[in-house]
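Student: So I've got this file, entry10.txt, and it contains compact mmCIF, C-alpha atoms:
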```txt
# COMPACT_ATOMS: atom_id res chain seq x y z
CA ARG A 902 -12.96 -8.41 0.24
CA ARG A 903 -14.67 -5.49 -1.35
CA CYS A 904 -15.93 -2.45 0.53
CA PRO A 905 -19.30 -2.62 2.22
CA ALA A 906 -22.09 -1.16 0.09
CA PRO A 907 -22.35 2.55 0.90
CA ARG A 908 -25.24 3.50 3.11
CA ARG A 909 -27.28 6.65 2.78
CA ARG A 910 -25.49 9.03 5.12
CA PRO A 911 -27.26 11.64 7.23
CA THR A 912 -26.09 15.11 6.29
CA ARG A 913 -27.22 16.87 9.43
CA PRO A 914 -26.11 16.12 12.97
CA SER A 915 -28.36 14.13 15.27
CA PRO A 916 -29.49 15.68 18.58
CA PRO A 917 -26.67 16.13 21.11
CA LEU A 918 -25.87 13.18 23.36
CA GLY A 919 -24.60 13.40 26.91
CA GLY A 920 -24.38 16.56 28.99
CA THR A 921 -22.19 19.61 29.29
CA GLY A 922 -20.14 17.96 32.02
CA SER A 923 -19.22 14.93 29.90
CA ARG A 924 -15.51 14.19 29.39
CA TYR A 925 -16.07 13.78 25.65
CA PRO A 926 -17.94 16.09 23.28
CA ALA A 927 -21.69 15.70 23.44
CA MET A 928 -22.56 15.23 19.76
CA LYS A 929 -21.76 11.83 18.26
CA ALA A 930 -20.72 12.91 14.78
CA ILE A 931 -17.70 13.10 12.48
CA GLY A 932 -16.55 16.59 11.58
CA THR A 933 -14.44 17.81 8.68
CA HIS A 934 -14.17 21.02 6.68
CA SER A 935 -16.60 22.32 4.10
CA GLY A 936 -15.63 23.67 0.69
CA THR A 937 -13.22 22.08 -1.75
CA PHE A 938 -12.39 18.56 -0.63
CA GLN A 939 -9.28 16.42 -1.10
CA ALA A 940 -8.51 12.73 -0.93
CA ASP A 941 -7.05 12.86 2.56
CA GLU A 942 -10.22 13.80 4.45
CA ALA A 943 -12.45 11.88 2.03
CA LEU A 944 -10.51 8.71 2.81
CA GLY A 945 -10.23 9.62 6.50
CA VAL A 946 -14.01 9.78 6.79
CA PHE A 947 -14.35 6.45 4.99
CA LEU A 948 -11.88 4.80 7.37
CA LEU A 949 -13.72 6.05 10.45
CA ARG A 950 -17.02 4.77 9.06
CA GLN A 951 -15.60 1.22 8.96
CA LEU A 952 -15.54 1.18 12.74
CA LYS A 953 -18.67 0.35 14.66
CA ARG A 954 -18.31 3.46 16.81
CA TRP A 955 -18.75 5.78 13.82
CA SER A 956 -20.36 3.55 11.21
CA ALA A 957 -23.71 5.34 11.18
CA VAL A 958 -23.12 8.74 12.74
CA PRO A 959 -23.78 12.00 10.88
CA LEU A 960 -21.06 13.84 9.03
CA VAL A 961 -20.77 17.58 9.67
CA ARG A 962 -18.80 19.58 7.10
CA THR A 963 -18.01 23.09 8.32
CA ARG A 964 -15.14 25.46 9.08
CA ASP A 965 -17.04 27.11 11.93
CA LEU A 966 -15.01 26.28 15.06
CA GLU A 967 -18.03 26.73 17.32
CA LYS A 968 -19.94 24.10 15.35
CA LEU A 969 -16.96 21.76 15.44
CA LYS A 970 -16.46 21.99 19.21
CA PRO A 971 -19.27 19.63 20.29
CA LEU A 972 -18.48 16.95 17.70
CA GLU A 973 -16.96 13.72 19.00
CA ILE A 974 -14.24 13.45 16.34
CA VAL A 975 -12.90 16.06 13.90
CA ILE A 976 -10.40 15.58 11.07
CA ASP A 977 -8.55 17.94 8.70
CA VAL A 978 -9.86 21.12 10.29
CA GLY A 979 -9.74 22.97 13.61
CA GLY A 980 -6.00 23.54 13.96
CA GLU A 981 -5.49 20.82 16.59
CA TYR A 982 -3.89 17.41 16.79
CA GLU A 983 -4.76 15.76 20.10
CA HIS A 984 -5.46 12.05 19.99
CA ASP A 985 -6.96 12.01 23.50
CA ARG A 986 -9.56 14.55 22.37
CA LEU A 987 -10.08 12.95 18.93
CA ARG A 988 -8.82 15.99 17.06
CA TYR A 989 -6.81 15.25 13.91
CA ASP A 990 -5.77 18.31 11.91
CA HIS A 991 -2.38 18.70 10.23
CA HIS A 992 -2.45 22.28 8.95
CA GLN A 993 -1.34 24.09 12.13
CA ARG A 994 2.09 25.61 12.60
CA GLY A 995 4.53 23.23 14.25
CA PHE A 996 2.78 20.02 13.19
CA ASP A 997 5.37 17.46 12.09
CA GLU A 998 3.85 14.10 13.00
CA THR A 999 4.97 11.12 10.91
CA PHE A 1000 3.81 7.52 10.75
CA GLY A 1001 6.85 6.25 12.60
CA GLY A 1002 6.92 9.04 15.17
CA ALA A 1003 10.09 9.07 17.25
CA SER A 1004 11.41 5.97 15.48
CA GLY A 1005 12.31 8.11 12.47
CA ARG A 1006 11.53 5.28 10.03
CA TRP A 1007 9.40 7.52 7.82
CA LYS A 1008 9.87 11.20 7.06
CA THR A 1009 6.60 12.04 5.29
CA LYS A 1010 4.37 14.38 7.29
CA LEU A 1011 0.90 12.95 7.86
CA SER A 1012 -2.30 14.36 6.43
CA ALA A 1013 -5.83 13.68 7.70
CA CYS A 1014 -5.98 10.14 6.30
CA GLY A 1015 -2.50 9.40 7.62
CA LEU A 1016 -3.49 10.51 11.11
CA VAL A 1017 -6.68 8.47 11.06
CA TYR A 1018 -4.83 5.44 9.69
CA LYS A 1019 -2.02 5.76 12.24
CA HIS A 1020 -4.44 5.65 15.17
CA TYR A 1021 -7.24 3.46 13.80
CA GLY A 1022 -5.73 1.59 10.85
CA ARG A 1023 -5.26 -1.70 12.67
CA GLU A 1024 -8.92 -1.70 13.73
CA VAL A 1025 -10.03 -0.86 10.19
CA LEU A 1026 -7.94 -3.67 8.68
CA ALA A 1027 -9.26 -6.19 11.21
CA ALA A 1028 -12.83 -5.04 10.50
CA LEU A 1029 -12.38 -5.55 6.75
CA HIS A 1030 -10.38 -8.79 7.10
CA PRO A 1031 -11.20 -10.40 10.47
CA GLN A 1032 -8.62 -13.18 9.97
CA LEU A 1033 -5.88 -10.60 10.57
CA GLY A 1034 -7.01 -10.32 14.16
CA ALA A 1035 -5.69 -13.82 14.84
CA SER A 1036 -2.08 -12.91 14.04
CA THR A 1037 -0.34 -9.84 15.40
CA ASP A 1038 2.62 -10.36 13.06
CA LYS A 1039 0.44 -10.51 9.95
CA LEU A 1040 -1.64 -7.54 11.03
CA GLU A 1041 1.47 -5.45 11.65
CA TRP A 1042 2.96 -6.40 8.30
CA VAL A 1043 -0.23 -5.47 6.44
CA PHE A 1044 -0.59 -2.29 8.52
CA GLU A 1045 2.86 -1.07 7.47
CA ARG A 1046 2.57 -2.22 3.86
CA VAL A 1047 -0.72 -0.36 3.34
CA TYR A 1048 0.80 2.80 4.78
CA ILE A 1049 3.96 2.58 2.67
CA ASP A 1050 2.30 1.79 -0.64
CA PHE A 1051 -1.08 3.55 -0.34
CA ILE A 1052 -1.51 6.05 2.49
CA GLN A 1053 1.93 7.68 2.36
CA GLY A 1054 1.49 8.96 -1.19
CA LEU A 1055 -1.79 10.67 -0.26
CA ASP A 1056 -0.08 12.26 2.75
CA ALA A 1057 2.75 13.55 0.58
CA ILE A 1058 0.44 15.00 -2.08
CA ASP A 1059 -1.77 16.77 0.44
CA ASN A 1060 1.24 18.24 2.23
CA GLY A 1061 2.87 19.42 -1.00
CA ILE A 1062 5.86 17.08 -0.83
CA GLU A 1063 7.43 16.54 -4.24
CA VAL A 1064 7.89 12.96 -5.41
CA CYS A 1065 11.46 13.72 -6.49
CA ASP A 1066 14.13 16.41 -6.40
CA GLY A 1067 14.53 18.52 -9.51
CA PRO A 1068 12.13 18.89 -12.43
CA LYS A 1069 9.50 16.22 -13.03
CA ARG A 1070 9.85 14.23 -16.22
CA TRP A 1071 6.11 13.49 -16.40
CA LYS A 1072 2.89 14.14 -14.51
CA ASP A 1073 0.31 11.59 -13.40
CA GLY A 1074 -3.32 12.67 -13.64
CA SER A 1075 -4.82 9.25 -12.98
CA GLY A 1076 -4.01 8.86 -9.27
CA LEU A 1077 -6.58 8.87 -6.48
CA SER A 1078 -5.87 12.45 -5.40
CA ALA A 1079 -6.42 13.70 -8.96
CA ARG A 1080 -9.62 11.70 -9.39
CA VAL A 1081 -11.01 13.06 -6.13
CA ALA A 1082 -10.11 16.62 -7.13
CA ARG A 1083 -12.15 16.21 -10.32
CA LEU A 1084 -15.26 15.44 -8.29
CA ASN A 1085 -15.34 18.98 -6.91
CA GLU A 1086 -17.64 21.44 -8.63
CA ARG A 1087 -15.98 23.07 -11.61
CA TRP A 1088 -15.82 26.85 -11.86
CA ASN A 1089 -18.28 26.84 -14.76
CA GLU A 1090 -20.50 24.00 -13.58
CA PRO A 1091 -24.16 24.45 -14.63
CA GLU A 1092 -26.62 24.97 -11.81
CA GLY A 1093 -28.76 22.11 -10.57
CA GLY A 1094 -25.99 19.54 -10.20
CA PRO A 1095 -25.06 17.52 -7.09
CA THR A 1096 -24.64 19.40 -3.83
CA GLU A 1097 -21.23 19.80 -2.27
CA ASP A 1098 -22.03 17.17 0.36
CA GLU A 1099 -23.24 14.75 -2.29
CA ARG A 1100 -20.02 15.27 -4.19
CA PHE A 1101 -18.02 14.65 -1.04
CA GLU A 1102 -19.85 11.36 -0.42
CA ARG A 1103 -18.96 10.26 -3.94
CA ALA A 1104 -15.33 11.15 -3.26
CA SER A 1105 -15.32 9.26 0.03
CA ALA A 1106 -16.82 6.19 -1.63
CA LEU A 1107 -14.24 6.38 -4.42
CA CYS A 1108 -11.42 6.55 -1.87
CA GLY A 1109 -12.95 3.67 0.04
CA ASP A 1110 -13.22 1.49 -3.04
CA ASP A 1111 -9.57 2.09 -3.92
CA PHE A 1112 -8.51 1.46 -0.33
CA CYS A 1113 -10.48 -1.78 -0.02
CA SER A 1114 -9.22 -3.04 -3.36
CA PHE A 1115 -5.63 -2.32 -2.38
CA VAL A 1116 -5.98 -3.92 1.04
CA ALA A 1117 -7.63 -7.00 -0.46
CA SER A 1118 -4.66 -7.38 -2.81
CA VAL A 1119 -2.21 -7.13 0.09
CA VAL A 1120 -4.12 -9.54 2.34
CA GLU A 1121 -5.24 -12.06 -0.26
CA SER A 1122 -2.23 -12.03 -2.61
CA GLU A 1123 0.83 -10.37 -1.09
CA LEU A 1124 0.54 -11.94 2.35
CA PRO A 1125 0.21 -15.56 1.10
CA ALA A 1126 3.08 -14.87 -1.32
CA ARG A 1127 5.23 -13.68 1.56
CA GLU A 1128 4.62 -16.92 3.43
CA TYR A 1129 5.44 -18.91 0.29
CA VAL A 1130 8.69 -16.99 -0.24
CA GLU A 1131 9.71 -17.49 3.37
CA ASP A 1132 9.13 -21.25 3.13
CA ALA A 1133 11.24 -21.37 -0.05
CA LEU A 1134 13.96 -19.25 1.54
CA LEU A 1135 14.23 -21.54 4.54
CA ALA A 1136 14.35 -24.59 2.26
CA ARG A 1137 16.91 -23.14 -0.17
CA THR A 1138 19.78 -25.46 0.75
CA SER A 1139 17.65 -28.45 -0.26
CA VAL A 1140 17.66 -27.01 -3.79
CA ASP A 1141 21.40 -26.34 -3.89
CA PRO A 1142 23.97 -26.53 -1.08
CA SER A 1143 25.11 -23.01 -1.89
CA GLY A 1144 21.81 -21.59 -0.63
CA LYS A 1145 21.82 -19.22 -3.60
CA LEU A 1146 18.81 -20.71 -5.42
CA LEU A 1147 15.10 -20.53 -4.61
CA VAL A 1148 12.37 -22.59 -6.26
CA PHE A 1149 8.72 -21.60 -6.63
CA GLN A 1150 6.37 -24.15 -8.14
CA SER A 1151 4.35 -21.52 -10.00
CA GLY A 1152 5.05 -18.14 -11.55
CA GLY A 1153 3.14 -14.89 -11.39
CA MET A 1154 3.62 -14.57 -7.64
CA PRO A 1155 4.99 -11.26 -6.29
CA TRP A 1156 8.28 -12.15 -4.63
CA LYS A 1157 10.97 -9.50 -4.98
CA THR A 1158 10.06 -7.18 -2.12
CA HIS A 1159 9.32 -10.14 0.13
CA LEU A 1160 12.69 -11.69 -0.63
CA TYR A 1161 14.62 -8.57 0.36
CA GLU A 1162 12.64 -8.18 3.59
CA LEU A 1163 12.89 -11.86 4.52
CA GLU A 1164 16.61 -12.05 3.78
CA ALA A 1165 17.08 -9.21 6.26
CA LYS A 1166 14.79 -10.90 8.78
CA HIS A 1167 16.83 -14.11 8.66
CA GLY A 1168 20.24 -12.42 8.48
CA ILE A 1169 21.13 -13.60 4.96
CA GLU A 1170 20.93 -10.37 2.98
CA GLY A 1171 22.18 -10.56 -0.58
CA GLN A 1172 22.72 -14.32 -0.65
CA VAL A 1173 20.05 -15.49 -3.12
CA ALA A 1174 21.21 -15.15 -6.73
CA PHE A 1175 18.49 -16.83 -8.81
CA VAL A 1176 14.84 -17.77 -8.51
CA LEU A 1177 13.38 -20.71 -10.44
CA TYR A 1178 9.66 -20.89 -11.31
CA THR A 1179 7.29 -21.99 -14.06
CA ASP A 1180 5.60 -19.57 -16.42
CA SER A 1181 2.00 -19.75 -17.66
CA ALA A 1182 3.01 -22.13 -20.47
CA GLY A 1183 4.80 -24.51 -18.13
CA MET A 1184 8.35 -23.51 -19.07
CA TRP A 1185 10.82 -23.31 -16.20
CA ARG A 1186 12.42 -19.90 -15.84
CA VAL A 1187 15.62 -18.87 -14.10
CA GLN A 1188 15.51 -15.21 -13.08
CA ALA A 1189 18.36 -13.23 -11.59
CA VAL A 1190 17.72 -11.40 -8.34
CA THR A 1191 18.57 -7.71 -8.61
CA ALA A 1192 20.52 -5.83 -5.99
CA LYS A 1193 18.19 -4.24 -3.47
CA GLY A 1194 17.05 -0.80 -4.56
CA THR A 1195 17.85 -1.38 -8.23
CA ASP A 1196 15.80 -2.53 -11.19
CA PHE A 1197 18.47 -3.84 -13.54
CA THR A 1198 21.63 -4.54 -11.53
CA ASN A 1199 21.79 -8.30 -11.01
CA ARG A 1200 23.49 -9.85 -8.05
CA VAL A 1201 24.71 -12.50 -10.48
CA SER A 1202 24.02 -12.38 -14.23
CA LEU A 1203 23.64 -15.31 -16.59
CA PRO A 1204 26.78 -16.22 -18.60
CA GLU A 1205 27.66 -13.70 -21.28
CA GLN A 1206 27.99 -16.38 -23.97
CA TRP A 1207 24.34 -17.41 -23.45
CA ARG A 1208 22.84 -13.94 -23.81
CA GLY A 1209 20.58 -13.45 -26.81
CA VAL A 1210 20.94 -17.10 -27.87
CA ARG A 1211 17.92 -19.40 -28.37
CA GLU A 1212 16.82 -23.01 -28.87
CA GLN A 1213 19.41 -25.47 -30.25
CA SER A 1214 22.10 -22.80 -30.42
CA LEU A 1215 21.68 -22.27 -26.67
CA VAL A 1216 21.75 -26.01 -26.04
CA ASP A 1217 25.01 -26.17 -27.96
CA VAL A 1218 26.68 -23.27 -26.17
CA SER A 1219 25.44 -24.19 -22.68
CA GLY A 1220 25.63 -27.95 -22.98
CA ILE A 1221 22.28 -28.20 -21.16
CA PRO A 1222 19.42 -30.09 -22.88
CA GLY A 1223 16.05 -28.36 -23.08
CA SER A 1224 17.47 -24.83 -23.00
CA ARG A 1225 15.06 -22.50 -24.78
CA PHE A 1226 16.31 -18.92 -24.53
CA CYS A 1227 18.44 -16.45 -22.63
CA HIS A 1228 17.56 -12.77 -22.63
CA ALA A 1229 20.19 -10.45 -24.05
CA GLY A 1230 20.22 -8.60 -20.72
CA GLY A 1231 21.39 -11.71 -18.91
CA PHE A 1232 18.66 -11.58 -16.30
CA ILE A 1233 16.37 -14.45 -17.32
CA CYS A 1234 16.50 -17.74 -19.23
CA GLY A 1235 14.22 -20.73 -19.77
CA ASN A 1236 14.29 -24.50 -20.00
CA ASP A 1237 11.71 -27.17 -20.78
CA ALA A 1238 12.28 -29.00 -17.48
CA TYR A 1239 13.06 -28.24 -13.86
CA GLU A 1240 16.24 -30.30 -14.01
CA GLY A 1241 17.42 -28.27 -16.99
CA ALA A 1242 16.60 -24.96 -15.31
CA LEU A 1243 18.45 -26.06 -12.18
CA ALA A 1244 21.46 -27.01 -14.29
CA MET A 1245 21.40 -23.57 -15.94
CA ALA A 1246 21.25 -21.80 -12.58
CA ARG A 1247 24.10 -23.90 -11.22
CA ALA A 1248 26.18 -23.23 -14.32
CA ALA A 1249 25.60 -19.50 -13.89
CA LEU A 1250 26.84 -19.75 -10.31
CA ALA A 1251 29.95 -21.71 -11.21
CA PRO A 1252 32.32 -18.72 -11.74
CA VAL A 1253 31.09 -16.99 -8.57
```
Mind turning this structure into structure tokens?

Tutor:
Amino acid sequence: RRCPAPRRRPTRPSPPLGGTGSRYPAMKAIGTHSGTFQADEALGVFLLRQLKRWSAVPLVRTRDLEKLKPLEIVIDVGGEYEHDRLRYDHHQRGFDETFGGASGRWKTKLSACGLVYKHYGREVLAALHPQLGASTDKLEWVFERVYIDFIQGLDAIDNGIEVCDGPKRWKDGSGLSARVARLNERWNEPEGGPTEDERFERASALCGDDFCSFVASVVESELPAREYVEDALLARTSVDPSGKLLVFQSGGMPWKTHLYELEAKHGIEGQVAFVLYTDSAGMWRVQAVTAKGTDFTNRVSLPEQWRGVREQSLVDVSGIPGSRFCHAGGFICGNDAYEGALAMARAALAPV
């Protein structure tokens, strides 16, 4: 699902609601800071606007604490983090909130978007993809996956956390944070261009489009793939009694991360050695599963004598009809038929 079409947003607060004795602030508006903007508050504002409560309220951009006080919710400014009061800043001394909190599962300090996502992310996801509301397990999985692979990087960048120890080997200028930064007014910008608030709205929409696109990929592609991988994992002994082979009827499906997570879930970590699937041309492939946390270290590699051999030469050396190729790295091979691919996988397991 794509993001809702952006509405024309009011740039000035509506008249105050409620009275001075109200438990909550009187003005129903979202507050954030003025001046140079970053991806964290631009995305945070977008996320809040996906919820009915704040879908059409004004946005107030200011650093004046007196003007921020009456606003219902304030992010990325004000020097306070108090969920009960709807205050979500991360710049103050002593702030060390993480997504996992006391669990210690994640170490990255939250920024404005991380705080908003932590407290309202489930509601946002259910608003964008209502089917998630029917399954707590699916919603929780998507909630964590979106944080890990999308939100966390924005938190780290805004908080100045390096992506690695030591010198960087390259720099990425195409990420969301960099694209948002380029929407700010340049030092030598000609007069008469967009206002600061107009620029911010463009940044928020950009963040929202990236967020919605990412979430749609997780919900509509990754989540069904996870279910498919789990079904194959549970049926693995019907493929081979060893339980070391999985079969997918079609290729192109993301499976590696799901496999590691699901092996852990079912208490069989490290057991699957090869995955069988068809490629776009209909050839059956046998691909080695890498050790968790590595890109090129196979749990079990294909036989050394097959590596780099193709067509009839591979048939001769393997003794398996229909063999087409084996990569020199020993991580993938192909066969014309499922039966041939299965025979290749079993042969690769034989010395183990």

Student: Which residue gives the smallest distance to Gln939 of chain A among A:Pro1125, A:Phe1101, A:Pro959, A:Gly1168, with only C-alpha atoms counted?

Tutor: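 Between A:Pro1125, A:Phe1101, A:Pro959, A:Gly1168, the residue approaching Gln939 of chain A most closely is A:Phe1101.
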
Student: Which residue out of A:Ile1049, A:Met1154, A:Val1187, A:Ala1246 has the minimum interatomic distance to Lys1008 of chain A when only C-alpha atoms are used?

Tutor: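 For Lys1008 of chain A, the nearest of the given residues is A:Ile1049.
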
Student: Report, in Å to a single decimal, how far apart atom CA of Asp1141 of chain A and atom CA of Glu1162 of chain A are.

Tutor: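 Separation between atom CA of Glu1162 of chain A and atom CA of Asp1141 of chain A: 21.5 Å.
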
Student: Can you measure atom CA of Leu1147 of chain A to atom CA of Arg1186 of chain A for me? One decimal in Å is fine.

Tutor: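 Atom CA of Leu1147 of chain A sits 11.6 Å away from atom CA of Arg1186 of chain A.
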
Student: Extract, using all atoms listed in the file, all DNA, RNA and protein residues at most 12 Å from Arg954 of chain A, discarding same-chain residues fewer than 4 positions from it, and format them as a list of chain:residue names.

Tutor: A:Lys929, A:Ala930, A:Ile931, A:Leu948, A:Leu949, A:Arg950, A:Val958, A:Pro959, A:Glu973, A:Ile974, A:Tyr1021, A:Glu1024, A:Val1025, A:Ala1028

Student: Can you write out the residues you just picked, keeping C-alpha atoms, as a CSV table (one decimal), in the frame of the given file?

Tutor:
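Saved result, part_6.csv, follows:
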```csv
chain,number,residue,atom,x,y,z
A,929,LYS,CA,-21.8,11.8,18.3
A,930,ALA,CA,-20.7,12.9,14.8
A,931,ILE,CA,-17.7,13.1,12.5
A,948,LEU,CA,-11.9,4.8,7.4
A,949,LEU,CA,-13.7,6.0,10.4
A,950,ARG,CA,-17.0,4.8,9.1
A,958,VAL,CA,-23.1,8.7,12.7
A,959,PRO,CA,-23.8,12.0,10.9
A,973,GLU,CA,-17.0,13.7,19.0
A,974,ILE,CA,-14.2,13.4,16.3
A,1021,TYR,CA,-7.2,3.5,13.8
A,1024,GLU,CA,-8.9,-1.7,13.7
A,1025,VAL,CA,-10.0,-0.9,10.2
A,1028,ALA,CA,-12.8,-5.0,10.5
```

Student: I'd like the interatomic distance between atom CA of Ser1202 of chain A and atom CA of Gly1231 of chain A, to a tenth of an Å.

Tutor: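 Atom CA of Gly1231 of chain A lies 5.4 Å from atom CA of Ser1202 of chain A.
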
Student: Pick out the closest residue to Leu1084 of chain A from this set: A:Ala1238, A:Thr1096, A:Val1148, A:Ser1214. Count all atoms listed in the file.

Tutor: A:Thr1096

Student: What lies within 7 Å of Val1081 of chain A using all atoms listed in the file, ignoring chain neighbours under 4 positions off, as a PyMOL selection string?

Tutor: chain A and resi 939-940+1077+1104

Student: Pick from A:Leu1124, A:Ser1078, A:Leu1016, A:Gln951: nearest to Gln1032 of chain A, with all atoms listed in the file counted?

Tutor: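 Counting all atoms listed in the file, the residue closest to Gln1032 of chain A is A:Leu1124.
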
Student: Would you mind putting back N, CA, C and O atoms on segment 1069-1085 of chain A, then writing it out as a PDB file, keeping the file's coordinate frame?

Tutor:
```pdb
ATOM      1  N   LYS A1069      10.195  17.474 -12.734  1.00  0.00           N
ATOM      2  CA  LYS A1069       9.500  16.220 -13.030  1.00  0.00           C
ATOM      3  C   LYS A1069       9.622  15.910 -14.515  1.00  0.00           C
ATOM      4  O   LYS A1069       9.548  16.796 -15.359  1.00  0.00           O
ATOM      5  N   ARG A1070       9.763  14.634 -14.812  1.00  0.00           N
ATOM      6  CA  ARG A1070       9.850  14.230 -16.220  1.00  0.00           C
ATOM      7  C   ARG A1070       8.466  13.949 -16.802  1.00  0.00           C
ATOM      8  O   ARG A1070       8.296  13.916 -18.008  1.00  0.00           O
ATOM      9  N   TRP A1071       7.488  13.718 -15.946  1.00  0.00           N
ATOM     10  CA  TRP A1071       6.110  13.490 -16.400  1.00  0.00           C
ATOM     11  C   TRP A1071       5.167  13.740 -15.224  1.00  0.00           C
ATOM     12  O   TRP A1071       5.601  13.823 -14.079  1.00  0.00           O
ATOM     13  N   LYS A1072       3.902  13.877 -15.527  1.00  0.00           N
ATOM     14  CA  LYS A1072       2.890  14.140 -14.510  1.00  0.00           C
ATOM     15  C   LYS A1072       1.785  13.108 -14.598  1.00  0.00           C
ATOM     16  O   LYS A1072       1.325  12.767 -15.687  1.00  0.00           O
ATOM     17  N   ASP A1073       1.361  12.601 -13.441  1.00  0.00           N
ATOM     18  CA  ASP A1073       0.310  11.590 -13.400  1.00  0.00           C
ATOM     19  C   ASP A1073      -1.017  12.245 -13.040  1.00  0.00           C
ATOM     20  O   ASP A1073      -1.152  12.836 -11.976  1.00  0.00           O
ATOM     21  N   GLY A1074      -2.000  12.128 -13.928  1.00  0.00           N
ATOM     22  CA  GLY A1074      -3.320  12.670 -13.640  1.00  0.00           C
ATOM     23  C   GLY A1074      -4.346  11.606 -13.357  1.00  0.00           C
ATOM     24  O   GLY A1074      -5.552  11.884 -13.293  1.00  0.00           O
ATOM     25  N   SER A1075      -3.889  10.356 -13.172  1.00  0.00           N
ATOM     26  CA  SER A1075      -4.820   9.250 -12.980  1.00  0.00           C
ATOM     27  C   SER A1075      -4.867   8.738 -11.544  1.00  0.00           C
ATOM     28  O   SER A1075      -5.619   7.824 -11.227  1.00  0.00           O
ATOM     29  N   GLY A1076      -4.060   9.311 -10.657  1.00  0.00           N
ATOM     30  CA  GLY A1076      -4.010   8.860  -9.270  1.00  0.00           C
ATOM     31  C   GLY A1076      -5.267   9.223  -8.496  1.00  0.00           C
ATOM     32  O   GLY A1076      -6.107  10.018  -8.940  1.00  0.00           O
ATOM     33  N   LEU A1077      -5.385   8.662  -7.302  1.00  0.00           N
ATOM     34  CA  LEU A1077      -6.580   8.870  -6.480  1.00  0.00           C
ATOM     35  C   LEU A1077      -6.783  10.336  -6.140  1.00  0.00           C
ATOM     36  O   LEU A1077      -7.909  10.848  -6.212  1.00  0.00           O
ATOM     37  N   SER A1078      -5.727  11.029  -5.763  1.00  0.00           N
ATOM     38  CA  SER A1078      -5.870  12.450  -5.400  1.00  0.00           C
ATOM     39  C   SER A1078      -6.417  13.257  -6.571  1.00  0.00           C
ATOM     40  O   SER A1078      -7.273  14.136  -6.393  1.00  0.00           O
ATOM     41  N   ALA A1079      -5.946  12.978  -7.774  1.00  0.00           N
ATOM     42  CA  ALA A1079      -6.420  13.700  -8.960  1.00  0.00           C
ATOM     43  C   ALA A1079      -7.867  13.361  -9.265  1.00  0.00           C
ATOM     44  O   ALA A1079      -8.658  14.240  -9.646  1.00  0.00           O
ATOM     45  N   ARG A1080      -8.234  12.106  -9.113  1.00  0.00           N
ATOM     46  CA  ARG A1080      -9.620  11.700  -9.390  1.00  0.00           C
ATOM     47  C   ARG A1080     -10.588  12.323  -8.388  1.00  0.00           C
ATOM     48  O   ARG A1080     -11.701  12.717  -8.744  1.00  0.00           O
ATOM     49  N   VAL A1081     -10.172  12.408  -7.136  1.00  0.00           N
ATOM     50  CA  VAL A1081     -11.010  13.060  -6.130  1.00  0.00           C
ATOM     51  C   VAL A1081     -11.148  14.544  -6.448  1.00  0.00           C
ATOM     52  O   VAL A1081     -12.247  15.114  -6.371  1.00  0.00           O
ATOM     53  N   ALA A1082     -10.056  15.181  -6.820  1.00  0.00           N
ATOM     54  CA  ALA A1082     -10.110  16.620  -7.130  1.00  0.00           C
ATOM     55  C   ALA A1082     -11.120  16.902  -8.239  1.00  0.00           C
ATOM     56  O   ALA A1082     -11.820  17.922  -8.209  1.00  0.00           O
ATOM     57  N   ARG A1083     -11.227  15.996  -9.206  1.00  0.00           N
ATOM     58  CA  ARG A1083     -12.150  16.210 -10.320  1.00  0.00           C
ATOM     59  C   ARG A1083     -13.608  16.067  -9.930  1.00  0.00           C
ATOM     60  O   ARG A1083     -14.499  16.436 -10.702  1.00  0.00           O
ATOM     61  N   LEU A1084     -13.874  15.556  -8.747  1.00  0.00           N
ATOM     62  CA  LEU A1084     -15.260  15.440  -8.290  1.00  0.00           C
ATOM     63  C   LEU A1084     -15.779  16.733  -7.679  1.00  0.00           C
ATOM     64  O   LEU A1084     -16.982  16.885  -7.465  1.00  0.00           O
ATOM     65  N   ASN A1085     -14.894  17.669  -7.399  1.00  0.00           N
ATOM     66  CA  ASN A1085     -15.340  18.980  -6.910  1.00  0.00           C
ATOM     67  C   ASN A1085     -16.068  19.724  -8.037  1.00  0.00           C
ATOM     68  O   ASN A1085     -15.866  19.467  -9.229  1.00  0.00           O
TER      69      ASN A1085
END
```
